[in-house]
Amino acid sequence: MPSMPEKTEQILQAHAGLIHRVVIACQNRAAVPDLEEILKQAADNGWVDLVAAIRKVLAGQREVAAFRHLDAEDFTIVESMLQGIQNPASLPDLGKEFDANMAAPGLASMIHAARSGNMEALQLIANMATQMMQAGGDMARLAGLIRPLVTGERDADKLCQGMGEDGQKLVLGILRELAKLEAH
């Protein structure tokens with residue numbers, strides 16, 4: 001995948017599992033039997049516009065211009081799906097781990113906002129946790145840590161238990177960012 005701005009890369013990596021599933025479903029709907037459940041969960045988590053756009057893609061809409069009304073994040077996700085349908089080599093790498101320096105501040109700010117009672121942040125972080133579970137490995141372990149982090153767990157040894165080196169870096173980065181946010 002060519003180099004792109006960090007925010008775009010972060011969005012694509014966070015939603016890589018969904019992007020791949022939709023592209024596969026466009027070619028063979030039966031190959032993704034859980035897609036309807038994933039779309040329902042996404043809609044329930046507030047991603048109504050994105051789910052409506054995905055349904056248009058699944059129905060055959062392939063013109064990027066038809067999705068210009070979406071917000072920047074949703075548009076980035078749908079555009080990646082459309083590009084992936086045309087050229088599967090353009091799809092985000094499912095095996096790529098988040099860069100801890102890039103992901104930690106964003107995840108920490110969402111965790112902090114959710115801890116402060118922001119329902120939109122709580123829904124967003126829940127959706128991201130679902131995507132992380134699908135990625136497997138340290139990302140799946142991190143998904144299991146979201147709730148403890150939101151409820152206030154800050155013991156680095158406990159949170160990093162069972163994580164690989166990259167996962168530990170990400171958790172420690174999140175904890176550093178949370179400490180900054182909670183100091184204010």
# chains A, B, ... in the order shown; residues from 1 in each chain; ligands from 1

$ select_by_dssp --residues "segment 40-94 of chain A" --states "alpha helix (DSSP H)" --output "compact mmCIF listing (two decimals) with C-alpha atoms, in the first residue's frame"
# COMPACT_ATOMS: atom_id res chain seq x y z
CA LYS A 40 -26.08 -4.61 12.51
CA GLN A 41 -23.58 -4.18 15.34
CA ALA A 42 -21.92 -1.26 13.54
CA ALA A 43 -25.30 0.44 13.01
CA ASP A 44 -26.21 -0.15 16.67
CA VAL A 48 -25.50 4.34 10.49
CA ASP A 49 -24.15 6.35 7.53
CA LEU A 50 -21.24 3.96 7.04
CA VAL A 51 -23.52 0.92 7.12
CA ALA A 52 -25.88 2.56 4.59
CA ALA A 53 -22.89 3.24 2.33
CA ILE A 54 -21.64 -0.35 2.70
CA ARG A 55 -25.08 -1.62 1.73
CA LYS A 56 -24.86 0.51 -1.44
CA VAL A 57 -21.44 -0.98 -2.21
CA LEU A 58 -22.83 -4.48 -1.65
CA ALA A 72 -13.95 11.94 6.32
CA GLU A 73 -13.54 8.69 8.26
CA ASP A 74 -16.50 6.90 6.65
CA PHE A 75 -15.44 8.14 3.20
CA THR A 76 -11.90 6.81 3.73
CA ILE A 77 -13.28 3.38 4.67
CA VAL A 78 -15.69 3.19 1.71
CA GLU A 79 -13.08 4.51 -0.73
CA SER A 80 -10.70 1.76 0.43
CA MET A 81 -13.42 -0.83 -0.17
CA LEU A 82 -14.05 0.45 -3.69
CA GLN A 83 -10.33 0.48 -4.45
CA GLY A 84 -10.02 -3.03 -3.01
CA ILE A 85 -12.79 -4.31 -5.29
CA GLN A 86 -10.86 -2.97 -8.29

$ residues_around --residues "segment 161-173 of chain A" --least-positions-apart "3" --cutoff "6 Å" --atoms "only C-alpha atoms" --output "compact mmCIF listing (two decimals) with N, CA and C atoms, in the first residue's frame"
# COMPACT_ATOMS: atom_id res chain seq x y z
N ALA A 100 2.69 1.88 17.65
CA ALA A 100 2.32 2.33 19.00
C ALA A 100 2.37 3.84 19.12
N ALA A 104 -1.38 5.03 20.07
CA ALA A 104 -1.58 5.26 21.51
C ALA A 104 -2.32 6.56 21.84
N ASP A 138 -1.85 -9.63 19.53
CA ASP A 138 -1.83 -8.57 20.54
C ASP A 138 -3.01 -7.62 20.40
N LYS A 158 0.01 -5.81 34.98
CA LYS A 158 -1.22 -6.58 34.80
C LYS A 158 -1.74 -6.44 33.36
N ARG A 176 0.82 6.04 29.18
CA ARG A 176 1.49 7.35 29.26
C ARG A 176 0.54 8.48 28.84

$ closest_atom_pairs --of "segment 26-56 of chain A" --to "segment 115-121 of chain A" --cutoff "12 Å" --atoms "only C-alpha atoms" --output "Markdown table"
| residue | atom | partner | partner_atom | distance |
| --- | --- | --- | --- | --- |
| A:Asp44 | CA | A:Glu120 | CA | 11.6 |
| A:Asn45 | CA | A:Glu120 | CA | 8.4 |
| A:Gly46 | CA | A:Glu120 | CA | 7.9 |
| A:Trp47 | CA | A:Glu120 | CA | 10.4 |

$ write_last_selection --atoms "C-alpha atoms" --output "compact mmCIF listing (two decimals), in the first residue's frame"
# COMPACT_ATOMS: atom_id res chain seq x y z
CA ASP A 44 -26.21 -0.15 16.67
CA ASN A 45 -22.90 1.52 17.59
CA GLY A 46 -23.82 4.66 15.66
CA TRP A 47 -22.17 3.95 12.31

$ residues_around --residues "Gly152 of chain A" --least-positions-apart "5" --cutoff "12 Å" --atoms "only C-alpha atoms" --output "PDB file with N, CA and C atoms, in the first residue's frame"
ATOM      1  N   ALA A 108      -5.929   6.382  23.634  1.00  0.00           N
ATOM      2  CA  ALA A 108      -5.995   6.951  24.988  1.00  0.00           C
ATOM      3  C   ALA A 108      -7.052   8.048  25.080  1.00  0.00           C
ATOM      4  N   ILE A 111     -10.431   6.356  25.179  1.00  0.00           N
ATOM      5  CA  ILE A 111     -10.630   5.706  26.475  1.00  0.00           C
ATOM      6  C   ILE A 111     -10.942   6.755  27.533  1.00  0.00           C
ATOM      7  N   HIS A 112     -10.191   7.853  27.521  1.00  0.00           N
ATOM      8  CA  HIS A 112     -10.402   8.940  28.491  1.00  0.00           C
ATOM      9  C   HIS A 112     -11.801   9.543  28.330  1.00  0.00           C
ATOM     10  N   ALA A 114     -14.447   8.110  26.988  1.00  0.00           N
ATOM     11  CA  ALA A 114     -15.437   7.111  27.406  1.00  0.00           C
ATOM     12  C   ALA A 114     -15.517   7.034  28.924  1.00  0.00           C
ATOM     13  N   ARG A 115     -14.361   7.107  29.580  1.00  0.00           N
ATOM     14  CA  ARG A 115     -14.318   7.078  31.049  1.00  0.00           C
ATOM     15  C   ARG A 115     -15.018   8.297  31.640  1.00  0.00           C
ATOM     16  N   SER A 116     -15.003   9.389  30.900  1.00  0.00           N
ATOM     17  CA  SER A 116     -15.646  10.634  31.353  1.00  0.00           C
ATOM     18  C   SER A 116     -17.137  10.661  31.043  1.00  0.00           C
ATOM     19  N   LEU A 145      -8.589  -5.485  26.878  1.00  0.00           N
ATOM     20  CA  LEU A 145      -8.160  -4.535  27.913  1.00  0.00           C
ATOM     21  C   LEU A 145      -8.936  -3.228  27.871  1.00  0.00           C
ATOM     22  N   ILE A 146      -9.724  -3.016  26.829  1.00  0.00           N
ATOM     23  CA  ILE A 146     -10.425  -1.738  26.685  1.00  0.00           C
ATOM     24  C   ILE A 146     -11.322  -1.471  27.891  1.00  0.00           C
ATOM     25  N   ARG A 147     -12.135  -2.439  28.253  1.00  0.00           N
ATOM     26  CA  ARG A 147     -13.050  -2.218  29.389  1.00  0.00           C
ATOM     27  C   ARG A 147     -12.282  -1.926  30.680  1.00  0.00           C
ATOM     28  N   LEU A 159      -1.729  -5.213  32.832  1.00  0.00           N
ATOM     29  CA  LEU A 159      -2.247  -4.962  31.496  1.00  0.00           C
ATOM     30  C   LEU A 159      -1.369  -5.558  30.401  1.00  0.00           C
ATOM     31  N   LEU A 175      -0.993   4.046  28.352  1.00  0.00           N
ATOM     32  CA  LEU A 175      -0.931   4.430  29.767  1.00  0.00           C
ATOM     33  C   LEU A 175      -0.254   5.788  29.951  1.00  0.00           C
ATOM     34  N   LEU A 178      -2.766   8.375  28.806  1.00  0.00           N
ATOM     35  CA  LEU A 178      -3.848   8.499  29.793  1.00  0.00           C
ATOM     36  C   LEU A 178      -3.383   9.285  31.008  1.00  0.00           C
ATOM     37  N   ALA A 179      -2.147   9.054  31.430  1.00  0.00           N
ATOM     38  CA  ALA A 179      -1.620   9.794  32.589  1.00  0.00           C
ATOM     39  C   ALA A 179      -1.598  11.284  32.299  1.00  0.00           C
ATOM     40  N   GLU A 182      -5.306  12.496  32.299  1.00  0.00           N
ATOM     41  CA  GLU A 182      -5.918  12.447  33.624  1.00  0.00           C
ATOM     42  C   GLU A 182      -5.293  13.440  34.582  1.00  0.00           C
TER      43      GLU A 182
END

$ closest_residue --among "A:Gly60, A:Gly144, A:Gly137, A:Pro105" --to "Gln10 of chain A" --atoms "only C-alpha atoms"
A:Pro105
